[in-house]
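**Q** Below is the file data21.txt, which contains compact mmCIF, C-alpha atoms (C1' of nucleotides).
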```txt
# COMPACT_ATOMS: atom_id res chain seq x y z
CA MET K 1 3.14 14.42 7.70
CA LYS K 2 4.08 11.16 9.29
CA TRP K 3 2.34 8.06 8.06
CA ASP K 4 0.95 7.35 11.50
CA ASP K 5 -0.99 10.62 11.43
CA LEU K 6 -2.82 9.65 8.29
CA ASP K 7 -5.77 8.10 10.08
CA LYS K 8 -6.52 11.41 11.79
CA GLN K 9 -7.39 13.08 8.51
CA PRO K 10 -11.06 13.63 7.71
CA CYS K 11 -10.77 11.27 4.77
CA SER K 12 -11.98 7.71 4.61
CA LEU K 13 -9.40 6.79 2.04
CA ALA K 14 -6.60 7.97 4.28
CA ARG K 15 -8.09 6.06 7.19
CA ALA K 16 -8.42 2.93 5.10
CA LEU K 17 -4.85 3.27 3.91
CA SER K 18 -3.61 3.67 7.46
CA VAL K 19 -4.63 0.01 7.82
CA VAL K 20 -4.02 -1.51 4.38
CA GLY K 21 -1.89 1.11 2.63
CA ASP K 22 1.57 -0.23 3.24
CA ARG K 23 3.75 -2.32 1.00
CA TRP K 24 2.73 -5.77 2.17
CA THR K 25 -0.66 -5.71 3.82
CA LEU K 26 -2.83 -6.19 0.75
CA VAL K 27 -0.63 -9.01 -0.49
CA ILE K 28 -1.13 -10.73 2.85
CA LEU K 29 -4.87 -10.18 2.61
CA ARG K 30 -4.93 -11.56 -0.92
CA ASP K 31 -3.62 -14.82 0.47
CA CYS K 32 -6.10 -14.72 3.32
CA PHE K 33 -8.89 -14.44 0.72
CA LEU K 34 -7.40 -17.48 -1.02
CA GLY K 35 -7.66 -19.45 2.22
CA VAL K 36 -4.11 -19.22 3.51
CA ARG K 37 -4.18 -18.96 7.27
CA ARG K 38 -0.86 -19.89 8.83
CA PHE K 39 2.23 -17.87 9.53
CA ASP K 40 4.57 -20.29 7.83
CA ASP K 41 2.41 -20.69 4.77
CA LEU K 42 2.18 -16.94 4.37
CA GLU K 43 5.92 -16.58 4.72
CA LYS K 44 6.65 -19.29 2.13
CA ARG K 45 4.11 -17.98 -0.36
CA LEU K 46 4.86 -14.29 -0.05
CA GLY K 47 8.62 -14.20 0.28
CA ILE K 48 8.16 -11.62 3.02
CA THR K 49 10.59 -11.43 5.92
CA ARG K 50 9.33 -13.01 9.09
CA HIS K 51 9.41 -9.99 11.27
CA VAL K 52 7.57 -7.80 8.79
CA LEU K 53 4.96 -10.53 8.46
CA ALA K 54 4.64 -10.81 12.25
CA ASP K 55 4.28 -7.05 12.51
CA ARG K 56 1.66 -6.78 9.76
CA LEU K 57 -0.40 -9.65 11.17
CA LYS K 58 -0.33 -8.06 14.62
CA LYS K 59 -1.54 -4.76 13.22
CA LEU K 60 -4.27 -6.42 11.19
CA VAL K 61 -5.46 -8.21 14.32
CA GLU K 62 -5.36 -4.95 16.29
CA HIS K 63 -7.46 -3.27 13.61
CA GLY K 64 -9.98 -6.11 13.64
CA VAL K 65 -9.30 -7.19 10.07
CA LEU K 66 -8.00 -10.62 11.09
CA TYR K 67 -8.47 -12.69 14.21
CA LYS K 68 -6.37 -15.46 15.70
CA THR K 69 -7.95 -18.77 16.49
CA PRO K 70 -6.31 -22.00 17.70
CA TYR K 71 -6.42 -24.96 15.37
CA GLN K 72 -4.67 -27.34 17.76
CA GLN K 73 -3.65 -27.63 21.42
CA LYS K 74 -0.30 -28.94 22.67
CA PRO K 75 1.38 -27.05 21.40
CA VAL K 76 -1.11 -24.29 20.86
CA ARG K 77 -1.04 -23.30 17.21
CA GLU K 78 -3.10 -20.43 15.96
CA GLU K 79 -4.19 -19.39 12.54
CA TYR K 80 -5.32 -16.06 11.16
CA ARG K 81 -8.73 -15.61 9.64
CA LEU K 82 -10.64 -12.74 8.14
CA THR K 83 -13.24 -11.03 10.29
CA GLU K 84 -16.34 -9.48 8.76
CA LYS K 85 -14.40 -6.23 8.60
CA GLY K 86 -11.68 -8.05 6.74
CA LEU K 87 -14.11 -9.79 4.41
CA ALA K 88 -15.52 -6.34 3.63
CA LEU K 89 -12.19 -5.56 1.96
CA HIS K 90 -13.04 -8.01 -0.80
CA PRO K 91 -14.23 -5.31 -3.23
CA VAL K 92 -10.90 -3.55 -2.78
CA VAL K 93 -8.95 -6.69 -3.57
CA MET K 94 -11.22 -7.53 -6.52
CA ALA K 95 -10.90 -4.02 -7.91
CA LEU K 96 -7.12 -4.15 -7.68
CA VAL K 97 -6.93 -7.59 -9.25
CA HIS K 98 -9.22 -6.50 -12.06
CA TRP K 99 -7.15 -3.38 -12.73
CA GLY K 100 -4.02 -5.53 -12.72
CA ASP K 101 -5.67 -7.94 -15.17
CA GLN K 102 -6.66 -5.12 -17.50
CA HIS K 103 -3.62 -2.90 -17.31
CA MET K 104 -0.65 -4.84 -15.97
CA ALA K 105 -1.04 -8.36 -17.38
CA ASP K 106 1.34 -9.75 -19.95
CA GLU K 107 0.26 -11.37 -23.19
CA ARG K 108 -0.80 -14.55 -21.43
CA GLY K 109 -3.73 -12.85 -19.73
CA ALA K 110 -5.04 -13.10 -16.19
CA PRO K 111 -3.21 -15.58 -13.93
CA ILE K 112 -6.31 -16.15 -11.85
CA VAL K 113 -9.95 -16.02 -12.80
CA HIS K 114 -13.00 -15.75 -10.62
CA VAL K 115 -16.11 -17.87 -10.79
CA HIS K 116 -19.35 -16.52 -9.37
CA LYS K 117 -20.77 -19.47 -7.47
CA GLN K 118 -24.39 -18.38 -7.89
CA CYS K 119 -24.40 -18.01 -11.66
CA GLY K 120 -21.49 -20.33 -12.42
CA GLN K 121 -19.83 -17.95 -14.87
CA PHE K 122 -16.40 -16.41 -15.00
CA MET K 123 -16.87 -12.87 -13.76
CA GLN K 124 -15.21 -9.52 -13.43
CA PRO K 125 -16.15 -7.09 -10.71
CA VAL K 126 -18.29 -4.20 -11.89
CA THR K 127 -18.87 -1.16 -9.69
CA VAL K 128 -22.44 0.08 -9.82
CA CYS K 129 -24.47 2.80 -8.13
CA SER K 130 -26.28 1.63 -5.00
CA CYS K 131 -29.34 3.62 -6.02
CA CYS K 132 -29.94 3.04 -9.68
CA GLY K 133 -27.74 0.00 -10.26
CA GLU K 134 -26.00 1.50 -13.28
CA PRO K 135 -22.23 1.07 -13.70
CA VAL K 136 -20.27 4.11 -12.51
CA THR K 137 -16.94 5.51 -13.63
CA ALA K 138 -14.91 8.43 -12.37
CA ARG K 139 -16.72 10.74 -14.79
CA ASP K 140 -20.13 9.85 -13.39
CA ILE K 141 -19.43 10.98 -9.83
CA ARG K 142 -19.63 14.35 -8.13
CA VAL K 143 -18.19 14.77 -4.66
CA GLU K 144 -19.88 16.67 -1.82
CA VAL K 145 -19.07 17.38 1.80
CA GLY K 146 -20.63 14.87 4.18
CA SER K 147 -21.56 14.83 7.84
CA GLY K 148 -18.11 13.75 8.96
CA TRP K 149 -16.53 16.82 7.51
CA GLN K 150 -14.62 19.23 9.72
CA ASP K 151 -14.46 22.62 8.11
CA ARG K 152 -11.00 23.47 9.39
CA SER K 153 -9.73 22.90 5.87
CA SER K 154 -12.47 24.20 3.66
CA GLU K 155 -10.35 24.00 0.55
CA LEU K 156 -10.18 20.26 0.60
CA ILE K 157 -12.58 19.82 -2.31
CA PRO K 158 -11.43 21.71 -5.40
CA GLU K 159 -13.93 22.89 -7.94
CA LYS K 160 -12.35 21.11 -10.82
CA ASP K 161 -13.30 17.75 -12.17
CA CYS K 162 -10.82 14.94 -12.37
CA CYS K 163 -10.90 14.85 -16.17
CA MET C 1 11.51 -10.69 -1.70
CA LYS C 2 12.32 -7.16 -2.64
CA TRP C 3 9.45 -4.85 -3.44
CA ASP C 4 10.74 -4.30 -6.97
CA ASP C 5 10.35 -7.98 -7.74
CA LEU C 6 6.69 -7.95 -6.89
CA ASP C 7 5.53 -7.15 -10.39
CA LYS C 8 7.21 -10.29 -11.71
CA GLN C 9 4.85 -12.51 -9.78
CA PRO C 10 2.05 -14.21 -11.70
CA CYS C 11 -0.50 -12.25 -9.72
CA SER C 12 -2.45 -9.25 -10.89
CA LEU C 13 -2.83 -7.94 -7.39
CA ALA C 14 0.93 -7.96 -6.89
CA ARG C 15 1.40 -6.24 -10.22
CA ALA C 16 -1.19 -3.61 -9.35
CA LEU C 17 0.43 -3.04 -5.99
CA SER C 18 3.83 -2.62 -7.60
CA VAL C 19 2.32 0.60 -8.99
CA VAL C 20 -0.11 1.79 -6.33
CA GLY C 21 0.83 -0.28 -3.29
CA ASP C 22 3.12 2.06 -1.48
CA ARG C 23 2.33 4.39 1.37
CA TRP C 24 1.49 7.55 -0.58
CA THR C 25 0.45 6.70 -4.11
CA LEU C 26 -3.24 6.14 -3.52
CA VAL C 27 -3.50 9.31 -1.46
CA ILE C 28 -2.00 11.20 -4.37
CA LEU C 29 -4.45 9.54 -6.73
CA ARG C 30 -7.37 10.40 -4.46
CA ASP C 31 -6.48 14.06 -4.93
CA CYS C 32 -6.11 13.58 -8.67
CA PHE C 33 -9.65 12.18 -8.72
CA LEU C 34 -10.78 15.29 -6.84
CA GLY C 35 -9.28 17.47 -9.56
CA VAL C 36 -5.97 18.47 -7.97
CA ARG C 37 -3.32 18.66 -10.65
CA ARG C 38 -0.31 20.67 -9.55
CA PHE C 39 2.77 19.75 -7.66
CA ASP C 40 2.43 22.53 -5.12
CA ASP C 41 -1.25 21.90 -4.49
CA LEU C 42 -0.56 18.23 -3.91
CA GLU C 43 2.23 19.03 -1.53
CA LYS C 44 0.12 21.48 0.49
CA ARG C 45 -2.90 19.19 0.67
CA LEU C 46 -1.12 15.96 1.40
CA GLY C 47 1.61 16.98 3.81
CA ILE C 48 3.96 14.75 1.86
CA THR C 49 7.62 15.64 1.51
CA ARG C 50 8.54 17.15 -1.81
CA HIS C 51 11.00 14.58 -2.95
CA VAL C 52 8.72 11.66 -2.18
CA LEU C 53 5.98 13.45 -4.08
CA ALA C 54 8.29 14.08 -7.03
CA ASP C 55 9.36 10.44 -7.01
CA ARG C 56 5.80 9.08 -6.85
CA LEU C 57 4.58 11.38 -9.63
CA LYS C 58 7.48 10.34 -11.81
CA LYS C 59 6.69 6.68 -11.25
CA LEU C 60 3.01 7.19 -11.94
CA VAL C 61 3.87 8.92 -15.21
CA GLU C 62 6.27 6.11 -16.13
CA HIS C 63 3.53 3.58 -15.48
CA GLY C 64 1.05 5.53 -17.60
CA VAL C 65 -1.30 6.33 -14.75
CA LEU C 66 -0.74 10.08 -14.99
CA TYR C 67 0.51 12.29 -17.80
CA LYS C 68 2.11 15.70 -17.71
CA THR C 69 0.66 18.46 -19.79
CA PRO C 70 1.68 22.14 -19.91
CA TYR C 71 -0.83 24.70 -18.67
CA GLN C 72 1.40 27.73 -19.43
CA GLN C 73 4.56 28.63 -21.33
CA LYS C 74 7.31 30.95 -20.07
CA PRO C 75 8.09 29.46 -17.77
CA VAL C 76 6.75 26.10 -18.77
CA ARG C 77 4.51 24.80 -16.03
CA GLU C 78 3.05 21.36 -16.22
CA GLU C 79 0.23 19.67 -14.43
CA TYR C 80 -0.51 16.02 -13.84
CA ARG C 81 -3.68 14.42 -15.07
CA LEU C 82 -5.14 10.97 -14.99
CA THR C 83 -4.85 8.84 -18.09
CA GLU C 84 -7.48 6.28 -18.98
CA LYS C 85 -5.37 3.74 -17.13
CA GLY C 86 -5.42 6.04 -14.13
CA LEU C 87 -9.15 6.68 -14.39
CA ALA C 88 -9.60 2.92 -14.39
CA LEU C 89 -8.35 2.94 -10.80
CA HIS C 90 -11.54 4.67 -9.73
CA PRO C 91 -13.21 1.46 -8.51
CA VAL C 92 -10.19 0.83 -6.29
CA VAL C 93 -10.41 4.30 -4.76
CA MET C 94 -14.18 4.05 -4.37
CA ALA C 95 -13.90 0.65 -2.72
CA LEU C 96 -11.29 1.91 -0.27
CA VAL C 97 -13.30 5.04 0.56
CA HIS C 98 -16.41 2.97 1.09
CA TRP C 99 -14.60 0.56 3.37
CA GLY C 100 -13.19 3.50 5.29
CA ASP C 101 -16.68 5.00 5.59
CA GLN C 102 -18.12 1.75 6.89
CA HIS C 103 -15.33 0.56 9.13
CA MET C 104 -13.04 3.44 10.02
CA ALA C 105 -15.32 6.49 10.32
CA ASP C 106 -15.94 8.19 13.63
CA GLU C 107 -19.41 9.01 14.98
CA ARG C 108 -19.83 11.92 12.57
CA GLY C 109 -20.05 9.68 9.54
CA ALA C 110 -18.50 9.97 6.11
CA PRO C 111 -16.46 13.12 5.46
CA ILE C 112 -17.20 13.02 1.76
CA VAL C 113 -20.23 11.71 -0.08
CA HIS C 114 -20.63 10.82 -3.71
CA VAL C 115 -23.44 11.89 -6.01
CA HIS C 116 -24.18 9.84 -9.09
CA LYS C 117 -24.67 12.44 -11.80
CA GLN C 118 -26.98 10.29 -13.89
CA CYS C 119 -29.51 9.48 -11.18
CA GLY C 120 -28.82 12.42 -8.90
CA GLN C 121 -28.74 10.34 -5.72
CA PHE C 122 -26.12 9.88 -3.05
CA MET C 123 -24.53 6.56 -3.83
CA GLN C 124 -22.22 3.93 -2.49
CA PRO C 125 -20.22 1.67 -4.77
CA VAL C 126 -21.59 -1.85 -5.06
CA THR C 127 -19.54 -4.61 -6.64
CA VAL C 128 -21.60 -6.87 -8.87
CA CYS C 129 -20.96 -9.83 -11.14
CA SER C 130 -20.31 -8.86 -14.75
CA CYS C 131 -22.43 -11.79 -15.94
CA CYS C 132 -25.53 -11.86 -13.80
CA GLY C 133 -25.40 -8.40 -12.26
CA GLU C 134 -25.90 -9.69 -8.73
CA PRO C 135 -23.86 -8.22 -5.87
CA VAL C 136 -20.87 -10.38 -4.97
CA THR C 137 -19.04 -10.87 -1.68
CA ALA C 138 -15.97 -12.87 -0.80
CA ARG C 139 -18.15 -15.89 -0.06
CA ASP C 140 -19.66 -15.88 -3.55
CA ILE C 141 -16.41 -16.30 -5.41
CA ARG C 142 -14.36 -19.35 -6.35
CA VAL C 143 -10.90 -18.90 -7.75
CA GLU C 144 -9.46 -20.83 -10.70
CA VAL C 145 -6.22 -20.84 -12.61
CA GLY C 146 -6.33 -18.63 -15.70
CA SER C 147 -4.40 -18.42 -18.94
CA GLY C 148 -1.68 -16.22 -17.45
CA TRP C 149 -0.74 -18.85 -14.93
CA GLN C 150 2.76 -20.30 -14.91
CA ASP C 151 2.75 -23.68 -13.24
CA ARG C 152 6.15 -23.28 -11.63
CA SER C 153 4.39 -22.87 -8.32
CA SER C 154 1.43 -25.16 -8.51
CA GLU C 155 0.58 -24.74 -4.85
CA LEU C 156 -0.40 -21.12 -5.22
CA ILE C 157 -4.11 -21.77 -4.90
CA PRO C 158 -4.94 -23.61 -1.68
CA GLU C 159 -8.00 -25.78 -1.45
CA LYS C 160 -9.48 -23.96 1.48
CA ASP C 161 -12.03 -21.22 1.32
CA CYS C 162 -11.36 -17.86 2.85
CA CYS C 163 -14.08 -18.25 5.48
C1' DT A 1 17.00 -40.77 24.98
C1' DA A 2 19.46 -38.02 21.61
C1' DG A 3 18.64 -35.60 17.70
C1' DG A 4 15.81 -33.48 14.33
C1' DT A 5 11.42 -31.09 12.87
C1' DT A 6 7.56 -27.86 13.08
C1' DG A 7 5.16 -23.54 13.90
C1' DA A 8 5.42 -19.09 15.33
C1' DG A 9 7.80 -15.97 16.35
C1' DT A 10 12.42 -12.52 18.08
C1' DT A 11 16.95 -10.50 17.70
C1' DC A 12 20.68 -8.44 15.41
C1' DC A 13 22.72 -6.03 11.81
C1' DT A 14 22.78 -3.92 7.10
C1' DT A 15 20.49 -1.63 3.32
C1' DT A 16 16.57 1.23 1.59
C1' DT A 17 13.09 4.53 2.16
C1' DT A 18 11.18 8.50 4.48
C1' DG A 19 10.95 12.99 6.82
C1' DG A 20 12.53 17.60 7.09
C1' DA A 21 14.83 21.38 5.79
C1' DA A 22 17.56 24.01 2.64
C1' DC A 23 18.86 25.08 -1.94
C1' DC A 24 18.31 25.79 -7.20
C1' DT A 25 16.24 27.68 -11.65
C1' DG A 26 13.33 30.63 -14.82
C1' DT A 27 10.06 34.11 -15.07
C1' DC A 28 7.39 37.95 -13.71
C1' DA A 29 5.89 41.97 -10.79
C1' DA A 30 6.87 45.87 -7.55
C1' DT R 1 16.92 44.63 -7.06
C1' DT R 2 14.34 42.11 -4.45
C1' DG R 3 10.87 38.95 -3.78
C1' DA R 4 7.42 35.55 -5.05
C1' DC R 5 5.94 31.42 -7.53
C1' DA R 6 6.10 26.76 -9.42
C1' DG R 7 8.45 22.75 -9.62
C1' DG R 8 11.69 20.55 -8.52
C1' DT R 9 16.97 18.57 -6.17
C1' DT R 10 20.29 17.85 -2.56
C1' DC R 11 21.71 16.63 1.98
C1' DC R 12 21.40 14.41 6.30
C1' DA R 13 19.08 12.01 10.18
C1' DA R 14 15.48 8.76 11.42
C1' DA R 15 12.48 4.98 10.42
C1' DA R 16 11.36 0.79 8.00
C1' DA R 17 12.54 -3.33 5.40
C1' DG R 18 15.68 -7.25 4.09
C1' DG R 19 18.33 -11.22 5.56
C1' DA R 20 20.08 -14.44 8.45
C1' DA R 21 20.42 -16.59 12.81
C1' DC R 22 18.37 -17.68 17.27
C1' DT R 23 14.48 -19.16 20.58
C1' DC R 24 11.05 -22.10 22.54
C1' DA R 25 7.87 -25.72 23.36
C1' DA R 26 6.13 -29.83 21.85
C1' DC R 27 6.30 -33.59 18.85
C1' DC R 28 8.53 -37.56 15.83
C1' DT R 29 11.87 -41.07 14.92
C1' DA R 30 15.63 -44.33 15.44
```
Before anything else, please render the file you have as structure tokens.
**A**
Amino acid sequence: MKWDDLDKQPCSLARALSVVGDRWTLVILRDCFLGVRRFDDLEKRLGITRHVLADRLKKLVEHGVLYKTPYQQKPVREEYRLTEKGLALHPVVMALVHWGDQHMADERGAPIVHVHKQCGQFMQPVTVCSCCGEPVTARDIRVEVGSGWQDRSSELIPEKDCC
Amino acid sequence: MKWDDLDKQPCSLARALSVVGDRWTLVILRDCFLGVRRFDDLEKRLGITRHVLADRLKKLVEHGVLYKTPYQQKPVREEYRLTEKGLALHPVVMALVHWGDQHMADERGAPIVHVHKQCGQFMQPVTVCSCCGEPVTARDIRVEVGSGWQDRSSELIPEKDCC
DNA sequence: TAGGTTGAGTTCCTTTTTGGAACCTGTCAA
DNA sequence: TTGACAGGTTCCAAAAAGGAACTCAACCTA
């Protein structure tokens, strides 16, 4: 299967990855979450080549994850900012950063820490159930077919558990 | 910057993406979380080419995300299973699926739904603060330098907020 | 007013990665 | 003896990424 066909699968993860699943996109979005907004700043910080950066930004704008807005006239200069759809990716970024902190950090520990403005404490992201509020892990979840399912591939959910 | 240098950055997201940030890895891991374990099953379900699949599985084993374990002798056949490090990626997968459900689904809704075994309800993942337990969004977080920081690039955290 | 700088890209060419198909290796079953 | 199965490897063409140079319009500076 070609990568561009991934978003046609009946799978939300595949659809999400068709937007953010390439080599550079989430690194770009990390910087957007840190407040970086300009093409040149992104290029300097990321060490990405300019035409890949231009391409990724265009796609993110097309997908409604970022939007361009002018910050000066004459000459017109535009910056990229997160839309609500883009801001909604924050749990993804936090989850990845947390996994990196836990499993990929060196002996010095986390390079960046997060402060929760409301409670003022250093925090890690915890994933909880929207119904009962308890923390969930892979072992606590069972998967079922939902309304968006097309039964043309009825074998898509195996019987086995992940562990 | 080359992709292979990404894990040398003082950034947990970059380090995480050096493992799971390519086009196919998270799709493979999605199937692992669904209980798919064998090379052939992965190939059939994913539509990935065999040598990319072999390469990604090898890398995931090298990084300790999956492990190989024999399920028969003569001939030896091995399957791939998630390690604890791999299971710890579940919040990442859940966050991506949830974002896909919310922002990339068609009119039919989510193809797959999750049941929380403990409470028996359909659930969505919610990211909360590890200290106060309140839900957190991008706007609720402030970033600070942590112990793993190397100050060779002191400009890495801009002053601006993300929105 | 000539020359340099800035921001945001494009273009061109080379190197790496994918996609797609075919091939290989043990074992078992017909 | 042939074929199937599982789990790969090998080969080649096509697509994507890396790297450097070029563009363009407006501004700054001497």
**Q** So the first atom is atom CA of Ser12 of chain K and the second is atom CA of Leu26 of chain K; what is the distance between them in Å, to one decimal place?
**A**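 Value for the atom CA of Ser12 of chain K-atom CA of Leu26 of chain K distance: 17.1 Å.
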**Q** Please identify all polymer residues lying at most 12 Å from the point (-5.7, 3.0, 3.0) (file coordinates), using only C-alpha atoms (C1' of nucleotides), and present the result as number ranges by chain.
**A** K: 3-4, 6-7, 9, 11-23, 25-26, 89, 92; C: 20-30, 92-101, 103-104
**Q** Given a cut-off of 8 Å, which residues of chain A touch chain C, counting only C-alpha atoms (C1' of nucleotides), written out as JSON, numbers by chain?
**A** {"A": [18, 19, 20, 26, 27]}
**Q** Hey, can you spit out that residue selection with C-alpha atoms (C1' of nucleotides) as a PDB file, in the coordinates of the input?
**A**
```pdb
ATOM      1  C1'  DT A  18      11.180   8.500   4.480  1.00  0.00           C
ATOM      2  C1'  DG A  19      10.950  12.990   6.820  1.00  0.00           C
ATOM      3  C1'  DG A  20      12.530  17.600   7.090  1.00  0.00           C
ATOM      4  C1'  DG A  26      13.330  30.630 -14.820  1.00  0.00           C
ATOM      5  C1'  DT A  27      10.060  34.110 -15.070  1.00  0.00           C
TER       6       DT A  27
END
```
**Q** I'd like a table as JSON lines: residues in chain R with an atom no more than 10 Å from chain C, each row giving the shortest atom pair and its distance in Å to one decimal, all atoms listed in the file counted, sorted by chain and rising residue number.
**A**
```
{"residue": "R:DC5", "atom": "C1'", "partner": "C:Asp40", "partner_atom": "CA", "distance": 9.9}
{"residue": "R:DA6", "atom": "C1'", "partner": "C:Asp40", "partner_atom": "CA", "distance": 7.1}
{"residue": "R:DG7", "atom": "C1'", "partner": "C:Phe39", "partner_atom": "CA", "distance": 6.7}
{"residue": "R:DG8", "atom": "C1'", "partner": "C:Ala54", "partner_atom": "CA", "distance": 7.5}
{"residue": "R:DT9", "atom": "C1'", "partner": "C:His51", "partner_atom": "CA", "distance": 7.9}
{"residue": "R:DT10", "atom": "C1'", "partner": "C:His51", "partner_atom": "CA", "distance": 9.9}
{"residue": "R:DA17", "atom": "C1'", "partner": "C:Lys2", "partner_atom": "CA", "distance": 8.9}
{"residue": "R:DG18", "atom": "C1'", "partner": "C:Lys2", "partner_atom": "CA", "distance": 7.5}
{"residue": "R:DG19", "atom": "C1'", "partner": "C:Met1", "partner_atom": "CA", "distance": 10.0}
```
**Q** Would you compute the box with edges along x, y and z of the file around segment 3-22 of chain R, including every atom the file lists for it and 6 Å extra on each side, and give its centre and edge lengths in Å to one decimal, as lines of an AutoDock Vina configuration file?
**A**
```
center_x = 13.8
center_y = 10.6
center_z = 3.8
size_x = 27.8
size_y = 68.6
size_z = 38.9
```
**Q** For segment 22-24 of chain R, find every residue with an atom within 10 Å (counting only C-alpha atoms (C1' of nucleotides)), except residues of its own chain fewer than 5 positions away, and show them as a PyMOL selection string.
**A** chain A and resi 8-12
**Q** Rounded to one decimal place, report the atom CA of Cys129 of chain K-atom CA of Pro91 of chain C distance in Å.
**A**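 These atoms are spaced 11.3 Å apart.
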**Q** Excluding Gly148 of chain K and residues on its chain fewer than 6 positions from it, collect all residues at most 9 Å away from it, counting all atoms listed in the file, and give them as a PyMOL selection string.
**A** (chain K and resi 10-11) or (chain C and resi 105-112)
**Q** Would you work out the distance separating atom CA of Glu43 of chain C from atom CA of Leu60 of chain C, expressed in Å to one decimal?
**A**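 Straight-line distance from atom CA of Glu43 of chain C to atom CA of Leu60 of chain C works out to 15.8 Å.
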**Q** Return the single residue from K:Trp149, K:Leu42, K:Lys8, K:Glu79 that is closest to chain C, with distances computed using all atoms listed in the file.
**A**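 With all atoms listed in the file as the atom set, the closest residue is K:Trp149.
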